[in-house]
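Trainee: Take this structure, written in structure tokens, and hold onto it; I'll ask about it next.
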Amino acid sequence: MSGAWRRQPSLQRFAGEWGSNRRLRLATLLAAAILALYALMALVDWRRGLHDEYQQESMRLYKTAALAGQDKWVARAQQARDLRKALESQIPSANTLGLAQAEAQGWVQQLLRAFGRDLTSQSRAPVQVDAANGIWKVPISVRGAVAPGQFVEMLRRIEGNDRLMVIEQAVIENQRRPSVDMTITAYYRVRQARANGVANAAP
């Protein structure tokens with residue numbers, strides 16, 4: 001081994017330079033220290049990244065386990081299903097869209113007759129809200145003079161109806177004579193909803 005060392009001129013020159021050049025030895029030691037420090041820092045960053053990833057995964061696991069253990073989500077889902085069934089049970093069926101409009105208009109006119117002749121109604125274009133189940137809403141505009149007490153009674157009758165009817169909008173003016181401008185919307189399940197000039201989707 002020692003003979004092979006002596007037979008390599010380049011190694012001999014390096015050994016001689018190493019022994020005689022103090023700056024070379026310091027520079028080499030400094031470079032080795034920098035490389036060792038860089039490797040140590042890379043190892044620290046790698047361990048820190050693993051630790052952070054572990055904490056994130058642990059937190060996600062804890063949250064998932066906590067949600068899975070809560071019965072309130074199941075209860076809320078059941079409440080939502082029950083509410084949907086209750087609302088769907090209040091939606092009447094009609095063979096055609098025209099019959100649905102006629103029935104809704106007849107009910108509103110009967111309601112208005114109970115409060116005098118100063119109120120008028122007018123059917124508006126139906127709007128489909130659920131194509132899969134054939135659900136349509138049939139809006140009817142109501143305008144005219146009405147006393148505050150009568151208006152409250154009208155609201156009570158509309159909301160108390162056993163069929164799904166809602167007041168989408170209402171504007172009350174109280175200038176010389178109290179008046180109302182509102183839209184009553186009835187919902188229907190239409191079997192044959194082929195009609196001209198009707199909207200096919202909710203706005």
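Identifiers for the structure tokens are assigned positionally: chains receive A, B, ... in sequence, residues are indexed from 1 per chain, and ligands are indexed from 1 in the order shown.
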Just want the 9 Å neighbourhood of Ala100 of chain A, counted on only C-alpha atoms, with same-chain residues fewer than 6 positions away dropped. Output as number ranges by chain.

Mentor: A: 92-94, 138, 186-190

Trainee: Tell me which protein, DNA and RNA residues are within 8 Å of Ala147 of chain A, counting only C-alpha atoms, leaving out same-chain ones fewer than 3 positions away, and put them as a short mmCIF file (atom, residue, chain, number, x, y, z; two decimals) with N, CA and C atoms, in the first residue's frame.

Mentor:
data_model
loop_
_atom_site.label_atom_id
_atom_site.label_comp_id
_atom_site.auth_asym_id
_atom_site.auth_seq_id
_atom_site.Cartn_x
_atom_site.Cartn_y
_atom_site.Cartn_z
N GLN A 150 -107.72 43.15 8.15
CA GLN A 150 -108.07 42.20 7.11
C GLN A 150 -106.82 41.55 6.50
N PHE A 151 -105.78 42.34 6.35
CA PHE A 151 -104.55 41.79 5.80
C PHE A 151 -103.96 40.72 6.71
N PRO A 178 -105.14 52.28 2.96
CA PRO A 178 -104.21 51.15 3.00
C PRO A 178 -104.44 50.20 1.82
N SER A 179 -103.35 49.80 1.17
CA SER A 179 -103.44 48.88 0.04
C SER A 179 -102.29 47.88 0.12
#

Trainee: Hey, which of A:Val129, A:Arg60, A:Arg143, A:Leu97 ends up closest to Gln109 of chain A? Count only C-alpha atoms.

Mentor: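 For Gln109 of chain A, the nearest of the candidates is A:Arg143.
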
Trainee: Could you check which of A:Met154, A:Met41, A:Ala132, A:Val146 is closest to Gln110 of chain A, using only C-alpha atoms?

Mentor: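 Among the listed residues, A:Met154 lies closest to Gln110 of chain A.
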
Trainee: Would you give me, as a ChimeraX atom specification, the residues in segment 68-191 of chain A that DSSP reads as strand (DSSP E)?

Mentor: /A:93-96,119-123,127-130,135-145,165-174,178-191

Trainee: Using C-alpha atoms, can you export the residues from the last selection as a compact mmCIF listing (two decimals), in the first residue's frame?

Mentor:
# COMPACT_ATOMS: atom_id res chain seq x y z
CA SER A 93 -101.38 16.86 -7.63
CA ALA A 94 -102.89 18.11 -10.88
CA ASN A 95 -103.23 16.36 -14.20
CA THR A 96 -102.14 19.42 -16.19
CA LEU A 119 -109.01 43.24 -4.18
CA THR A 120 -108.17 41.73 -7.57
CA SER A 121 -106.02 38.77 -8.58
CA GLN A 122 -104.10 37.84 -11.71
CA SER A 123 -102.30 34.60 -12.60
CA VAL A 127 -92.22 28.12 -12.89
CA GLN A 128 -90.84 24.60 -12.68
CA VAL A 129 -88.78 24.05 -9.53
CA ASP A 130 -88.18 20.28 -9.57
CA ILE A 135 -93.05 20.21 -9.01
CA TRP A 136 -94.24 23.61 -10.21
CA LYS A 137 -95.00 26.83 -8.43
CA VAL A 138 -98.03 28.78 -9.55
CA PRO A 139 -97.78 32.48 -8.58
CA ILE A 140 -100.81 34.77 -8.38
CA SER A 141 -100.63 38.54 -7.93
CA VAL A 142 -103.06 40.21 -5.55
CA ARG A 143 -103.63 43.98 -5.47
CA GLY A 144 -106.10 46.32 -3.87
CA ALA A 145 -107.24 48.16 -0.79
CA MET A 165 -98.97 28.04 -0.31
CA VAL A 166 -96.58 30.83 0.56
CA ILE A 167 -96.37 34.60 0.21
CA GLU A 168 -93.29 35.29 -1.88
CA GLN A 169 -93.46 39.07 -1.62
CA ALA A 170 -95.72 41.72 -0.16
CA VAL A 171 -95.73 45.52 -0.38
CA ILE A 172 -98.07 47.46 1.90
CA GLU A 173 -98.83 51.11 1.28
CA ASN A 174 -100.55 53.26 3.87
CA PRO A 178 -104.21 51.15 3.00
CA SER A 179 -103.44 48.88 0.04
CA VAL A 180 -101.46 45.75 -0.63
CA ASP A 181 -99.52 44.33 -3.58
CA MET A 182 -98.39 40.78 -2.98
CA THR A 183 -97.70 37.47 -4.69
CA ILE A 184 -99.26 34.26 -3.42
CA THR A 185 -97.54 31.12 -4.71
CA ALA A 186 -99.11 27.66 -4.71
CA TYR A 187 -97.07 24.50 -5.33
CA TYR A 188 -98.36 21.60 -7.43
CA ARG A 189 -97.14 18.25 -8.62
CA VAL A 190 -98.13 18.28 -12.28
CA ARG A 191 -98.38 15.01 -14.20

Trainee: Could you pull out the helix (DSSP H, G or I) residues of segment 114-166 of chain A from DSSP and send them as a list in words?

Mentor: Pro148, Gly149, Gln150, Phe151, Val152, Glu153, Met154, Leu155, Arg156, Arg157, Ile158 and Glu159 of chain A

Trainee: So what do you get for atom CA of Asp162 of chain A versus atom CA of Ala125 of chain A, distance-wise?

Mentor: 23.2 Å

Trainee: What is the atom CA of Arg177 of chain A to atom CA of Gly149 of chain A distance in Å?

Mentor: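 Going from atom CA of Arg177 of chain A over to atom CA of Gly149 of chain A, I get 13.4 Å.
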